[in-house]
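Take a look at the structure set out below.
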Amino acid sequence: MKIIVYGAKPDELAYFTAWQQSHADRLEIHSEPLNETTVAWAAGFDGVNCLQTTPYAAAVFEQLGRFGIRFLTIRNVGVDNIDLAAAKRFGVRIANVPAYSPSAIAEFAVTTALYLLRRLGETQAPLAAGDWDKAASFLGRELGQSTVGIIGAGRIGQAAIRLFAGFGARVIAYDPHPGHPEPRAEYVSLPALLQEADVVDLHVPGVPANTHLIDAQALASMKQGAILINTARGNLVDTAALLQHLQTGHLGGAGIDTYEYESPALLRYAKTGKFEDPAWDALAKLPNVLLTPHIAYHTETAVQNMVDFSLANLLAFLTKGEAPDEIHIR
């Protein structure tokens with residue numbers, strides 16, 4: 001069988017090569033994303049494998065349907081950038097990788113929390129200016145003396161609960177569908193979590209119902225000096241409201257790995273070679289904000305699992321007609 005791969009990153013290539021050596025199926029690998037132009041390359045292939053945060057547009061699925069391609073697997077979790085209605089309309093079935101490494105993202109959230117609690121970003125400008133006294137003047141807080149609120153207690157959220165609890169923090173969690181609750185956390189309502197937490201850590205999907213889950217009202221209800229961390233999806237946080245609460249000093253800091261306007265900024269980046277966005281630039285100027293380029297997942301373990309699990313899903317589709325991680329589109 002012939003599989004075309006889009007959005008391949010340099011750190012994935014070794015894992016694609018290893019997979020190819022143990023399978024008779026042919027891979028054709030491209031670094032470019034799947035879009036209205038590059039979809040033409042998929043003609044003659046049996047299945048498509050992708051990783052990107054830019055949109056999968058309706059026109060892409062229309063063309064895949066014309067090619068007779070019925071299966072697309074993605075190497076990540078989120079499907080909020082996929083036109084699922086169009087995929088269904090043109091007969092393209094999709095599977096994701098729901099858990100490539102919960103620990104990778106949870107560890108990144110803890111790293112971000114420690115960076116912000118200890119005010120490391122605020123030391124950089126005075127250090128660069130040679131002002132040792134000012135750089136040494138920022139009084140930090142200890143994670144072990146903090147209350148951490150985890151919003152979304154699925155696989156990643158539960159991994160985060162265990163790590164934060166390991167530092168001695170009091171951990172509270174909110175999840176409307178907690179499944180098997182993690183015993184190291186106290187489960188509370190969302191309003192209670194926002195009011196009590198020194199660190200608010202997001203691990204919920206970017207479905208439309210969760211858009212601006214953290215809006216102006218939610219931010220206003222957070223404790224003075226609280227820290228917000230988003231390693232989940234960009235649409236969860238109202239960026240304009242976040243900026244306002246940071247600039248007024250109500251919030252103590254923010255760690256943003258998934259940015260609300262990431263997709264349009266990346267589309268511009270593809271044309272200009274510059275990641276430019278007014279709100280991003282405003283956040284970047286604040287010393288109590290840590291911005292990272294959607295890398296919370298980015299570990300050797302996670303990348304290998306993303307490649308292997310997504311290709312396993314695609315082979316299952318092609319050989320059995322079903323995949324264990326299929327997204328069932330209503």
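If you're wondering about the labels, chains in the structure tokens are A, B, ... by order shown, residues count from 1 in each chain, ligands from 1 in order shown.
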(request) Mind checking which residues fall within 12 Å of His177 of chain A, counting only C-alpha atoms, ignoring those fewer than 6 positions away in the same chain, and posting them as a list of chain:residue names? (result) A:Ile151, A:Gly152, A:Ala153, A:Gly154, A:Tyr187, A:Ser189, A:Val204
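Residues within 8 Å of Ile69 of chain A, counting only C-alpha atoms and excluding same-chain residues fewer than 5 positions away, are Phe45, Asp46, Gly47, Val48, Leu64 and Val92 of chain A.
Using only C-alpha atoms, the shortest contact distance between Pro287 of chain A and any of A:Tyr100, A:Phe138, A:Phe67, A:Tyr259 is found at A:Phe138.
Proximity to Asn210 of chain A was assessed for A:Thr123, A:Lys9, A:Asp80, A:Pro98 counting only C-alpha atoms; the smallest distance is recorded for A:Asp80.
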(message) Just the number, please: distance in Å from atom CA of Asp257 of chain A to atom CA of Leu34 of chain A, one decimal.
(response) 22.8 Å
(message) So, with only C-alpha atoms as the atoms that count, which of A:Leu120, A:Val207, A:Ala14, A:Ala43 lies closest to Asn81 of chain A?
(response) A:Val207
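Note that atom CA of Glu107 of chain A and atom CA of Ile150 of chain A are 13.5 Å apart.
Nearest residue to Met1 of chain A, choosing from A:Ala282, A:Ile329, A:Ala316, A:Ala169 and counting only C-alpha atoms: A:Ala316.
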(request) Step one, run DSSP on the backbone; step two, keep only residues of segment 205-283 of chain A assigned to alpha helix (DSSP H); then write them as a PyMOL selection string. (result) chain A and resi 216-221+239-247+262-272+278-283
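Nearest to Ile161 of chain A of all the residues A:Gln195, A:Thr147, A:Asn288, A:Ser263 is A:Thr147, counting only C-alpha atoms.
We find atom CA of Lys2 of chain A and atom CA of Thr17 of chain A to be spaced 14.8 Å apart.
Every protein, DNA or RNA residue with an atom at most 7 Å from Phe16 of chain A, where only C-alpha atoms count and chain neighbours fewer than 4 positions away do not, is listed here: A:Glu12, A:Gln20, A:Val307.
Distances here use only C-alpha atoms; by that measure, the residue among A:Arg170, A:Gln304, A:Val289, A:Thr37 closest to Asn76 of chain A is A:Gln304.
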(message) Residues within 7 Å of Ile29 of chain A, please, as a VMD selection string. Count only C-alpha atoms; anything in the same chain fewer than 3 positions from it doesn't count.
(response) chain A and resid 4 to 6 8
(request) With a distance cut-off of 9 Å and only C-alpha atoms, select the neighbouring residues of Ala279 of chain A, excluding the residue or stretch itself and same-chain residues fewer than 4 positions from it, and output the selection as a ChimeraX atom specification. (result) /A:239-240,243,261,283-284
